[in-house]
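Source file: data.txt. Holds: compact mmCIF, C-alpha atoms.
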# COMPACT_ATOMS: atom_id res chain seq x y z
CA MET A 1092 0.00 0.00 0.00
CA LYS A 1093 1.24 3.42 -0.89
CA ARG A 1094 1.71 5.92 1.89
CA THR A 1095 0.96 9.59 2.33
CA LEU A 1096 3.41 11.20 4.69
CA TYR A 1097 3.04 14.26 6.88
CA SER A 1098 5.97 16.05 8.48
CA LEU A 1099 5.47 18.84 10.95
CA VAL A 1100 8.53 20.92 11.60
CA ALA A 1101 9.20 23.83 13.95
CA VAL A 1102 12.45 25.44 12.86
CA ALA A 1103 14.82 27.24 15.22
CA GLY A 1104 17.21 30.00 14.20
CA ILE A 1105 21.00 29.61 14.19
CA ALA A 1106 23.14 32.69 14.71
CA THR A 1107 26.12 34.03 12.80
CA LEU A 1108 27.53 37.56 12.81
CA ALA A 1109 25.75 40.03 10.53
CA SER A 1110 27.58 42.46 8.29
CA CYS A 1111 24.90 44.46 6.44
CA SER A 1112 23.53 47.86 7.43
CA ASP A 1113 20.06 49.23 6.84
CA GLU A 1114 18.62 51.83 9.19
CA LYS A 1115 19.34 54.01 12.21
CA GLU A 1116 16.97 55.84 14.55
CA THR A 1117 17.79 58.28 17.33
CA LEU A 1118 15.88 58.83 20.57
CA ILE A 1119 16.41 62.40 21.86
CA VAL A 1120 16.53 62.42 25.68
CA ASP A 1121 18.68 63.80 28.45
CA GLY A 1122 21.52 61.66 29.83
CA ASN A 1123 24.41 59.60 28.55
CA GLU A 1124 23.50 58.00 25.25
CA ALA A 1125 24.90 54.81 23.79
CA THR A 1126 24.57 53.17 20.39
CA VAL A 1127 23.03 49.70 20.44
CA THR A 1128 23.39 47.79 17.17
CA PHE A 1129 21.28 44.72 16.44
CA SER A 1130 22.15 42.12 13.84
CA ALA A 1131 18.94 40.23 13.08
CA GLU A 1132 19.42 36.89 11.35
CA LEU A 1133 17.06 34.42 9.75
CA PRO A 1134 17.77 30.69 10.02
CA SER A 1135 20.69 29.78 7.79
CA LYS A 1136 20.77 25.97 7.87
CA MET A 1137 17.71 25.09 5.85
CA GLN A 1138 17.15 23.20 2.63
CA SER A 1139 17.80 25.36 -0.42
CA ARG A 1140 15.15 23.61 -2.52
CA SER A 1141 12.23 23.61 -0.16
CA PHE A 1142 9.67 25.74 1.58
CA SER A 1143 10.89 27.48 4.75
CA ASP A 1144 14.17 28.76 3.31
CA GLY A 1145 13.28 32.15 4.83
CA LYS A 1146 13.87 34.05 1.61
CA THR A 1147 10.37 35.54 1.39
CA ALA A 1148 10.71 37.27 4.78
CA THR A 1149 12.74 40.26 3.60
CA LYS A 1150 11.22 43.01 5.75
CA LEU A 1151 12.27 43.46 9.40
CA THR A 1152 10.10 45.41 11.85
CA TYR A 1153 11.49 46.23 15.29
CA ALA A 1154 10.41 48.13 18.40
CA VAL A 1155 12.01 49.32 21.65
CA TYR A 1156 10.19 49.58 24.98
CA GLU A 1157 11.03 50.70 28.47
CA LYS A 1158 11.39 47.57 30.58
CA GLY A 1159 8.01 45.93 31.26
CA GLN A 1160 6.01 48.41 29.13
CA THR A 1161 4.01 47.61 26.01
CA ASP A 1162 3.97 51.03 24.29
CA ALA A 1163 6.92 51.40 21.94
CA ILE A 1164 9.26 54.36 22.41
CA LEU A 1165 11.08 53.57 19.15
CA SER A 1166 10.18 51.50 16.10
CA GLY A 1167 11.34 51.08 12.54
CA ASN A 1168 11.93 48.82 9.56
CA ALA A 1169 14.94 47.40 7.76
CA ASP A 1170 15.54 45.15 4.76
CA PHE A 1171 17.28 41.79 4.81
CA THR A 1172 20.27 41.07 2.61
CA GLY A 1173 21.35 37.45 2.54
CA LEU A 1174 19.09 36.52 5.50
CA LYS A 1175 20.62 39.33 7.63
CA ALA A 1176 19.55 42.85 8.60
CA GLN A 1177 21.11 45.43 10.89
CA VAL A 1178 19.65 48.37 12.84
CA SER A 1179 21.13 50.84 15.34
CA VAL A 1180 19.34 52.88 18.01
CA GLN A 1181 20.47 55.50 20.53
CA LEU A 1182 19.46 54.58 24.10
CA ILE A 1183 20.26 55.76 27.64
CA THR A 1184 23.12 54.13 29.52
CA GLY A 1185 22.01 52.38 32.69
CA LYS A 1186 18.36 51.98 31.65
CA GLU A 1187 16.67 48.63 30.95
CA TYR A 1188 14.76 48.03 27.72
CA ASP A 1189 12.69 45.37 25.98
CA PHE A 1190 13.03 44.73 22.24
CA VAL A 1191 10.88 42.86 19.72
CA PHE A 1192 11.67 41.85 16.14
CA TRP A 1193 9.40 40.58 13.36
CA ALA A 1194 10.30 39.51 9.79
CA GLN A 1195 7.80 38.87 6.98
CA ASP A 1196 7.13 39.08 3.28
CA PRO A 1197 6.67 42.83 2.61
CA ASN A 1198 4.00 42.13 -0.02
CA THR A 1199 1.63 40.03 2.09
CA ASP A 1200 -1.36 41.29 4.06
CA TYR A 1201 -1.85 38.13 6.13
CA PHE A 1202 -0.34 39.72 9.23
CA LYS A 1203 -1.46 42.54 11.52
CA VAL A 1204 1.46 43.67 13.69
CA GLU A 1205 0.55 45.73 16.77
CA LEU A 1206 3.78 47.14 18.20
CA ASN A 1207 1.83 48.91 20.95
CA GLY A 1208 0.63 45.73 22.62
CA GLN A 1209 3.37 43.51 21.16
CA THR A 1210 1.01 41.21 19.27
CA VAL A 1211 0.75 39.68 15.81
CA SER A 1212 -2.51 38.31 14.40
CA ILE A 1213 -2.86 36.21 11.25
CA ASP A 1214 -5.74 36.41 8.78
CA TYR A 1215 -6.26 32.87 7.51
CA ASP A 1216 -9.58 33.64 5.79
CA LYS A 1217 -7.93 34.00 2.38
CA ALA A 1218 -5.06 31.56 2.93
CA GLN A 1219 -4.34 28.92 0.32
CA ALA A 1220 -2.32 25.77 0.71
CA SER A 1221 1.40 26.00 -0.06
CA ASP A 1222 1.54 29.80 0.22
CA GLU A 1223 5.11 30.68 1.19
CA SER A 1224 4.18 34.30 1.92
CA LEU A 1225 2.64 33.06 5.19
CA ASP A 1226 6.13 32.34 6.50
CA ALA A 1227 7.47 34.74 9.13
CA PHE A 1228 9.99 34.97 11.99
CA PHE A 1229 10.33 36.77 15.32
CA ASN A 1230 12.28 37.11 18.55
CA SER A 1231 12.63 39.40 21.57
CA ASP A 1232 15.35 40.53 23.97
CA SER A 1233 15.73 42.45 27.25
CA PHE A 1234 18.82 43.99 28.85
CA GLN A 1235 20.33 47.01 30.54
CA VAL A 1236 22.33 49.32 28.30
CA SER A 1237 25.89 49.56 29.64
CA GLY A 1238 27.42 51.53 26.78
CA ASN A 1239 27.90 51.05 23.06
CA MET A 1240 26.77 47.47 22.41
CA SER A 1241 26.24 44.93 19.61
CA GLN A 1242 23.63 42.19 19.89
CA THR A 1243 22.89 39.29 17.54
CA ILE A 1244 19.21 38.35 17.37
CA GLU A 1245 18.42 34.85 16.18
CA LEU A 1246 14.97 35.03 14.59
CA ARG A 1247 12.82 31.91 14.73
CA ARG A 1248 9.60 30.76 13.13
CA PRO A 1249 6.53 30.97 15.43
CA PHE A 1250 4.67 28.39 13.34
CA ALA A 1251 4.52 24.68 12.95
CA GLN A 1252 5.19 23.83 9.31
CA ILE A 1253 2.91 21.10 7.97
CA ASN A 1254 4.34 19.24 4.97
CA VAL A 1255 2.13 16.75 3.13
CA GLY A 1256 3.70 14.41 0.59
CA THR A 1257 2.91 11.27 -1.37
CA ASP A 1258 4.87 8.59 -3.17
CA ASP A 1259 2.20 7.72 -5.77
CA LEU A 1260 1.38 11.02 -7.48
CA THR A 1261 2.46 9.58 -10.83
CA ALA A 1262 0.16 6.57 -10.54
CA THR A 1263 -1.55 5.59 -13.80
CA ALA A 1264 -4.99 6.66 -12.55
CA LEU A 1265 -3.73 10.23 -12.08
CA GLU A 1266 -1.79 10.67 -15.33
CA GLY A 1267 -3.03 13.59 -17.38
CA LYS A 1268 -5.24 14.86 -14.54
CA THR A 1269 -4.90 18.03 -12.48
CA VAL A 1270 -4.62 17.34 -8.76
CA THR A 1271 -5.06 20.18 -6.24
CA ALA A 1272 -4.92 20.01 -2.45
CA GLY A 1273 -6.09 21.91 0.64
CA MET A 1274 -6.31 21.32 4.38
CA THR A 1275 -8.12 22.26 7.58
CA VAL A 1276 -6.21 22.34 10.86
CA LYS A 1277 -8.43 22.04 13.90
CA LYS A 1278 -7.41 23.60 17.23
CA ALA A 1279 -4.96 26.17 15.92
CA TYR A 1280 -4.50 29.82 16.88
CA THR A 1281 -4.55 33.14 15.02
CA ALA A 1282 -2.53 35.45 17.32
CA PHE A 1283 0.51 35.43 19.60
CA ASN A 1284 2.62 37.73 21.77
CA LEU A 1285 5.84 39.05 20.22
CA MET A 1286 7.56 39.48 23.59
CA THR A 1287 6.74 36.11 25.14
CA GLY A 1288 6.07 33.99 22.05
CA LYS A 1289 2.91 32.62 23.67
CA VAL A 1290 -0.26 32.11 21.63
CA ASP A 1291 -3.41 34.04 22.48
CA GLU A 1292 -5.61 31.33 24.01
CA THR A 1293 -8.77 33.25 23.08
CA THR A 1294 -8.06 32.80 19.36
CA LEU A 1295 -8.28 28.98 19.27
CA THR A 1296 -10.15 28.03 16.09
CA ASP A 1297 -10.19 25.85 12.97
CA ILE A 1298 -8.00 27.12 10.14
CA THR A 1299 -8.69 26.26 6.51
CA PHE A 1300 -6.20 26.52 3.66
CA ALA A 1301 -8.10 26.69 0.38
CA VAL A 1302 -7.38 24.13 -2.31
CA ALA A 1303 -4.46 25.19 -4.52
CA ASP A 1304 -2.16 23.81 -7.18
CA LEU A 1305 0.47 21.35 -6.01
CA PRO A 1306 3.93 22.82 -5.37
CA ASP A 1307 6.41 22.70 -8.23
CA SER A 1308 8.55 19.62 -7.58
CA THR A 1309 11.49 21.18 -9.44
CA SER A 1310 11.74 24.01 -6.89
CA GLU A 1311 10.24 22.46 -3.75
CA GLU A 1312 11.95 19.29 -2.58
CA PHE A 1313 10.03 17.24 -0.01
CA PRO A 1314 12.10 16.63 3.16
CA VAL A 1315 11.74 12.83 2.88
CA GLN A 1316 13.32 11.09 -0.09
CA GLY A 1317 10.96 9.40 -2.52
CA TYR A 1318 7.99 11.66 -1.76
CA THR A 1319 6.48 14.54 -3.72
CA TYR A 1320 4.77 17.58 -2.20
CA LEU A 1321 1.00 17.68 -2.13
CA GLU A 1322 0.76 20.78 0.04
CA MET A 1323 2.26 22.81 2.88
CA GLY A 1324 0.94 25.19 5.54
CA TYR A 1325 2.15 27.30 8.46
CA VAL A 1326 -0.02 27.29 11.61
CA LEU A 1327 0.20 28.55 15.18
CA VAL A 1328 -0.11 25.79 17.76
CA GLY A 1329 0.26 25.98 21.53
CA ASP A 1330 2.79 24.18 23.70
CA LYS A 1331 0.20 21.69 24.91
CA THR A 1332 -2.43 21.80 22.18
CA THR A 1333 -2.91 18.88 19.83
CA ALA A 1334 -4.65 19.27 16.49
CA ASP A 1335 -6.48 17.20 13.92
CA ILE A 1336 -5.54 17.79 10.28
CA GLU A 1337 -8.12 17.21 7.56
CA LEU A 1338 -6.76 17.00 4.01
CA ASN A 1339 -8.91 17.44 0.92
CA PHE A 1340 -8.15 16.90 -2.74
CA GLU A 1341 -9.64 17.73 -6.11
CA VAL A 1342 -8.97 16.04 -9.46
CA ASN A 1343 -9.95 17.99 -12.56
CA GLY A 1344 -12.12 20.17 -10.28
CA THR A 1345 -14.01 17.28 -8.65
CA GLN A 1346 -13.69 16.92 -4.87
CA TYR A 1347 -12.83 13.51 -3.45
CA ASN A 1348 -12.78 11.89 -0.04
CA ASP A 1349 -10.96 13.71 2.74
CA ILE A 1350 -8.15 12.17 4.76
CA THR A 1351 -7.97 13.01 8.47
CA VAL A 1352 -4.86 12.78 10.64
CA THR A 1353 -5.87 12.82 14.29
CA TYR A 1354 -3.90 13.93 17.32
CA ALA A 1355 -1.03 15.79 15.71
CA PRO A 1356 1.65 16.46 18.37
CA PRO A 1357 1.84 19.74 20.32
CA ALA A 1358 4.41 22.38 19.41
CA ALA A 1359 6.91 21.23 22.05
CA GLN A 1360 7.16 17.88 20.24
CA LEU A 1361 7.12 19.17 16.66
CA PRO A 1362 10.84 19.30 15.74
CA HIS A 1363 11.85 16.21 13.78
CA GLN A 1364 8.41 14.60 14.20
CA HIS A 1365 6.98 12.68 11.24
CA LEU A 1366 3.41 11.40 11.20
CA ARG A 1367 2.80 8.51 8.82
CA LEU A 1368 -0.64 7.50 7.59
CA ALA A 1369 -1.23 4.27 5.69
CA ALA A 1370 -3.11 5.78 2.78
CA ASP A 1371 -3.20 5.17 -0.94
CA LEU A 1372 -3.66 8.52 -2.67
CA LYS A 1373 -4.70 6.84 -5.91
CA ARG A 1374 -7.42 4.82 -4.18
CA THR A 1375 -8.58 7.82 -2.13
CA LEU A 1376 -9.04 9.92 -5.26
CA GLN A 1377 -10.95 7.14 -7.00
CA CYS A 1378 -13.51 6.64 -4.17

Could you render the structure from this file as structure tokens?
Amino acid sequence: MKRTLYSLVAVAGIATLASCSDEKETLIVDGNEATVTFSAELPSKMQSRSFSDGKTATKLTYAVYEKGQTDAILSGNADFTGLKAQVSVQLITGKEYDFVFWAQDPNTDYFKVELNGQTVSIDYDKAQASDESLDAFFNSDSFQVSGNMSQTIELRRPFAQINVGTDDLTATALEGKTVTAGMTVKKAYTAFNLMTGKVDETTLTDITFAVADLPDSTSEEFPVQGYTYLEMGYVLVGDKTTADIELNFEVNGTQYNDITVTYAPPAAQLPHQHLRLAADLKRTLQC
């Protein structure tokens, strides 16, 4: 029996020193000022021919807060070059500050970033399967300014990445037919806190990715050898929440039976987890 394979991956950032320069802001206040330079970096050790390479998230948004406050006293944007961006701010020596950083595709309107409040909400209403513009990264930091300083910020993805692949897409029954795929993730979230990274528990809901064309296998390589992408999606899941994933397919515009994967692992267990379902895509689409 052929198998359809699901891999859910939460990717962590890996730091290296940044060398590019984008933007500088100055806060005018009394006292001894110091220059704090941040080198924000997207994950560097990712597959070059796959989703999640981080290359769509080219816009960095940042904000500075007095320690423990949620109203920004400074904010700005910078562009990434080679997965790195750099910003400098003038702050007061001896004072403590909080900092948040957010990176996204500058052309997408999926995200609503509230710097005053330190939250990000995601609009999944128009989301389609395999849309890489839904990828994004964040991190935060807190420290006391002791003088001119340089800090490296390792940005990380707040989402679980759901990869759906099959090893029988070229089966005889499917030759010459157009296969599209979508999914619904039950018990996911639509907002989280930029400072803490915690999901907003009040936003628990079912998220649907509309049916879309299958990813191009020449540019998107499935993370398990021998499988081809059916679809991909980024979702917010809590540390303890488990989710059911319902997959749906269309062939030449006709909808076929759904496949449901129950009890997907919580976010704390997502790295390197692979869920396997004994399913024959060809048979499923013929039902």

Return the single residue from A:Asn1123, A:Glu1205, A:Gln1177, A:Phe1129 that is closest to Ala1163 (chain A), with distances computed using all atoms listed in the file.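 Closest candidate: A:Glu1205.
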
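Residue neighbourhood of Val1290 (chain A), excluding near-sequence residues (fewer than 3 positions): Gln1209, Thr1210, Val1211, Ser1212, Ile1213, Pro1249, Phe1250, Lys1278, Ala1279, Tyr1280, Thr1281, Ala1282, Phe1283, Asn1284, Leu1285, Met1286, Thr1287, Thr1293, Thr1294, Leu1295, Val1326, Leu1327, Val1328, Gly1329, Asp1330, Lys1331, Thr1332 and Ala1358 of chain A, at 12 Å, using only C-alpha atoms.
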
Could you write out the selected residues, including C-alpha atoms, as a PDB file, keeping the file's coordinate frame?
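Full text of result-v3.pdb as output:
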ATOM      1  CA  GLN A1209       3.370  43.510  21.160  1.00  0.00           C
ATOM      2  CA  THR A1210       1.010  41.210  19.270  1.00  0.00           C
ATOM      3  CA  VAL A1211       0.750  39.680  15.810  1.00  0.00           C
ATOM      4  CA  SER A1212      -2.510  38.310  14.400  1.00  0.00           C
ATOM      5  CA  ILE A1213      -2.860  36.210  11.250  1.00  0.00           C
ATOM      6  CA  PRO A1249       6.530  30.970  15.430  1.00  0.00           C
ATOM      7  CA  PHE A1250       4.670  28.390  13.340  1.00  0.00           C
ATOM      8  CA  LYS A1278      -7.410  23.600  17.230  1.00  0.00           C
ATOM      9  CA  ALA A1279      -4.960  26.170  15.920  1.00  0.00           C
ATOM     10  CA  TYR A1280      -4.500  29.820  16.880  1.00  0.00           C
ATOM     11  CA  THR A1281      -4.550  33.140  15.020  1.00  0.00           C
ATOM     12  CA  ALA A1282      -2.530  35.450  17.320  1.00  0.00           C
ATOM     13  CA  PHE A1283       0.510  35.430  19.600  1.00  0.00           C
ATOM     14  CA  ASN A1284       2.620  37.730  21.770  1.00  0.00           C
ATOM     15  CA  LEU A1285       5.840  39.050  20.220  1.00  0.00           C
ATOM     16  CA  MET A1286       7.560  39.480  23.590  1.00  0.00           C
ATOM     17  CA  THR A1287       6.740  36.110  25.140  1.00  0.00           C
ATOM     18  CA  THR A1293      -8.770  33.250  23.080  1.00  0.00           C
ATOM     19  CA  THR A1294      -8.060  32.800  19.360  1.00  0.00           C
ATOM     20  CA  LEU A1295      -8.280  28.980  19.270  1.00  0.00           C
ATOM     21  CA  VAL A1326      -0.020  27.290  11.610  1.00  0.00           C
ATOM     22  CA  LEU A1327       0.200  28.550  15.180  1.00  0.00           C
ATOM     23  CA  VAL A1328      -0.110  25.790  17.760  1.00  0.00           C
ATOM     24  CA  GLY A1329       0.260  25.980  21.530  1.00  0.00           C
ATOM     25  CA  ASP A1330       2.790  24.180  23.700  1.00  0.00           C
ATOM     26  CA  LYS A1331       0.200  21.690  24.910  1.00  0.00           C
ATOM     27  CA  THR A1332      -2.430  21.800  22.180  1.00  0.00           C
ATOM     28  CA  ALA A1358       4.410  22.380  19.410  1.00  0.00           C
TER      29      ALA A1358
END

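Interatomic distance, CA of Glu1341 (chain A) to CA of Ala1251 (chain A): 24.7 Å.
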
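Taking all atoms listed in the file into account, Asp1216 (chain A) lies nearest to A:Ile1298 out of the set A:Val1315, A:Leu1165, A:Ile1298, A:Met1323.
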
What's the separation between CA of Gly1317 (chain A) and CA of Ile1253 (chain A), in Å to one decimal place?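 For CA of Gly1317 (chain A) relative to CA of Ile1253 (chain A), the distance reads 17.7 Å.
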
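Relative to CA of Arg1247 (chain A), CA of Leu1133 (chain A) is found at 7.0 Å.
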
Polymer residues at most 7 Å from Val1352 (chain A), all atoms listed in the file, same-chain spacing of 5 or more positions, as a ChimeraX atom specification: /A:1335-1337

As lines of an AutoDock Vina configuration file, please report the centre and edge lengths, rounded to one decimal in Å, of the axis-aligned box that holds all listed atoms of region 1285-1295 of chain A with 3 Å of padding on each of the six sides.
center_x = -0.6
center_y = 34.2
center_z = 22.2
size_x = 22.3
size_y = 16.5
size_z = 11.9

Of the candidates A:Gly1173, A:Gly1208, A:Gly1273, A:Pro1197, which shows the shortest atom-to-atom distance to Pro1134 (chain A), using all atoms listed in the file?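 Of A:Gly1173, A:Gly1208, A:Gly1273, A:Pro1197, the one nearest Pro1134 (chain A), counting all atoms listed in the file, is A:Gly1173.
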
Do you have, as a Markdown table, the list of residues of region 1231-1283 of chain A lying at most 12 Å from region 1147-1154 of chain A, each with its nearest atom pair and that distance in Å to one decimal, counting all atoms listed in the file and ordered by chain then number?
| residue | atom | partner | partner_atom | distance |
| --- | --- | --- | --- | --- |
| A:Ser1231 | CA | A:Tyr1153 | CA | 9.3 |
| A:Asp1232 | CA | A:Ala1154 | CA | 10.6 |
| A:Ser1233 | CA | A:Ala1154 | CA | 11.8 |
| A:Ile1244 | CA | A:Tyr1153 | CA | 11.2 |
| A:Leu1246 | CA | A:Leu1151 | CA | 10.3 |
| A:Arg1247 | CA | A:Ala1148 | CA | 11.5 |
| A:Arg1248 | CA | A:Ala1148 | CA | 10.6 |

Residues from last step as file, C-alpha atoms, as a PDB file, in the frame of the given file:
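Writing the result to part-v3.pdb gives the following:
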ATOM      1  CA  SER A1231      12.630  39.400  21.570  1.00  0.00           C
ATOM      2  CA  ASP A1232      15.350  40.530  23.970  1.00  0.00           C
ATOM      3  CA  SER A1233      15.730  42.450  27.250  1.00  0.00           C
ATOM      4  CA  ILE A1244      19.210  38.350  17.370  1.00  0.00           C
ATOM      5  CA  LEU A1246      14.970  35.030  14.590  1.00  0.00           C
ATOM      6  CA  ARG A1247      12.820  31.910  14.730  1.00  0.00           C
ATOM      7  CA  ARG A1248       9.600  30.760  13.130  1.00  0.00           C
TER       8      ARG A1248
END

Which of these residues is nearest to Tyr1201 (chain A), using only C-alpha atoms: A:Tyr1215, A:Tyr1188, A:Phe1340, A:Tyr1318?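 Checking each candidate against Tyr1201 (chain A), we get A:Tyr1215 as the closest.
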
Non-local contacts of Glu1124 (chain A) (7 Å; all atoms listed in the file; under 5 positions in same chain excluded) as a compact mmCIF listing (two decimals) with C-alpha atoms, in the frame of the given file:
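As a result, part28.txt now contains:
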# COMPACT_ATOMS: atom_id res chain seq x y z
CA GLN A 1181 20.47 55.50 20.53
CA LEU A 1182 19.46 54.58 24.10
CA ILE A 1183 20.26 55.76 27.64
CA THR A 1184 23.12 54.13 29.52

Near Val1302 (chain A), counting all atoms listed in the file, which residues have an atom at most 7 Å away, once you skip same-chain residues fewer than 4 positions from it, shown as a tab-separated table (two decimals) with C-alpha atoms, keeping the file's coordinate frame?
chain	number	residue	atom	x	y	z
A	1219	GLN	CA	-4.34	28.92	0.32
A	1220	ALA	CA	-2.32	25.77	0.71
A	1271	THR	CA	-5.06	20.18	-6.24
A	1272	ALA	CA	-4.92	20.01	-2.45
A	1273	GLY	CA	-6.09	21.91	0.64

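When all atoms listed in the file are used to compute distances to Thr1261 (chain A), the closest of the residues A:Gly1238, A:Asp1196, A:Asp1297, A:Tyr1320 turns out to be A:Tyr1320.
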
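Restricting the calculation to all atoms listed in the file, the smallest distance between Tyr1347 (chain A) and any of A:Ser1237, A:Ala1176, A:Val1270, A:Ala1227 is found for A:Val1270.
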
Pick out the residues sitting within 9 Å of Lys1268 (chain A), and hand them over as a short mmCIF file (atom, residue, chain, number, x, y, z; two decimals) with C-alpha atoms, keeping the file's coordinate frame; count all atoms listed in the file, and ignore anything fewer than 2 positions along from it in its own chain.
data_model
loop_
_atom_site.label_atom_id
_atom_site.label_comp_id
_atom_site.auth_asym_id
_atom_site.auth_seq_id
_atom_site.Cartn_x
_atom_site.Cartn_y
_atom_site.Cartn_z
CA ALA A 1264 -4.99 6.66 -12.55
CA LEU A 1265 -3.73 10.23 -12.08
CA GLU A 1266 -1.79 10.67 -15.33
CA VAL A 1270 -4.62 17.34 -8.76
CA VAL A 1342 -8.97 16.04 -9.46
CA ASN A 1343 -9.95 17.99 -12.56
#

N, CA, C and O atoms modelled onto region 1153-1168 of chain A, as a short mmCIF file (atom, residue, chain, number, x, y, z; two decimals), keeping the file's coordinate frame:
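Wrote rebuild_6.cif, looks like this:
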data_model
loop_
_atom_site.label_atom_id
_atom_site.label_comp_id
_atom_site.auth_asym_id
_atom_site.auth_seq_id
_atom_site.Cartn_x
_atom_site.Cartn_y
_atom_site.Cartn_z
N TYR A 1153 10.98 46.33 13.92
CA TYR A 1153 11.49 46.23 15.29
C TYR A 1153 10.88 47.34 16.14
O TYR A 1153 10.40 48.35 15.63
N ALA A 1154 10.91 47.12 17.47
CA ALA A 1154 10.41 48.13 18.40
C ALA A 1154 11.19 48.05 19.70
O ALA A 1154 11.66 46.98 20.10
N VAL A 1155 11.31 49.21 20.36
CA VAL A 1155 12.01 49.32 21.65
C VAL A 1155 11.02 49.80 22.69
O VAL A 1155 10.20 50.70 22.43
N TYR A 1156 11.10 49.23 23.89
CA TYR A 1156 10.19 49.58 24.98
C TYR A 1156 10.99 49.81 26.26
O TYR A 1156 12.03 49.18 26.48
N GLU A 1157 10.50 50.68 27.13
CA GLU A 1157 11.03 50.70 28.47
C GLU A 1157 10.67 49.39 29.15
O GLU A 1157 9.61 48.82 28.89
N LYS A 1158 11.55 48.89 29.98
CA LYS A 1158 11.39 47.57 30.58
C LYS A 1158 10.00 47.38 31.17
O LYS A 1158 9.52 48.18 31.98
N GLY A 1159 9.31 46.29 30.72
CA GLY A 1159 8.01 45.93 31.26
C GLY A 1159 6.83 46.67 30.66
O GLY A 1159 5.68 46.37 31.00
N GLN A 1160 7.09 47.63 29.76
CA GLN A 1160 6.01 48.41 29.13
C GLN A 1160 5.64 47.80 27.78
O GLN A 1160 6.39 47.04 27.18
N THR A 1161 4.47 48.15 27.29
CA THR A 1161 4.01 47.61 26.01
C THR A 1161 3.79 48.68 24.94
O THR A 1161 3.38 48.36 23.83
N ASP A 1162 4.03 49.95 25.28
CA ASP A 1162 3.97 51.03 24.29
C ASP A 1162 5.38 51.33 23.81
O ASP A 1162 6.27 51.66 24.60
N ALA A 1163 5.58 51.23 22.50
CA ALA A 1163 6.92 51.40 21.94
C ALA A 1163 7.39 52.84 22.04
O ALA A 1163 6.63 53.77 21.80
N ILE A 1164 8.66 53.02 22.42
CA ILE A 1164 9.26 54.36 22.41
C ILE A 1164 10.07 54.58 21.14
O ILE A 1164 10.39 55.71 20.80
N LEU A 1165 10.40 53.51 20.44
CA LEU A 1165 11.08 53.57 19.15
C LEU A 1165 10.60 52.40 18.31
O LEU A 1165 10.34 51.31 18.82
N SER A 1166 10.51 52.59 17.02
CA SER A 1166 10.18 51.50 16.10
C SER A 1166 10.71 51.85 14.72
O SER A 1166 11.00 53.01 14.42
N GLY A 1167 10.83 50.85 13.88
CA GLY A 1167 11.34 51.08 12.54
C GLY A 1167 11.35 49.82 11.72
O GLY A 1167 10.91 48.75 12.16
N ASN A 1168 11.85 49.94 10.49
CA ASN A 1168 11.93 48.82 9.56
C ASN A 1168 13.31 48.76 8.94
O ASN A 1168 14.04 49.77 8.89
#
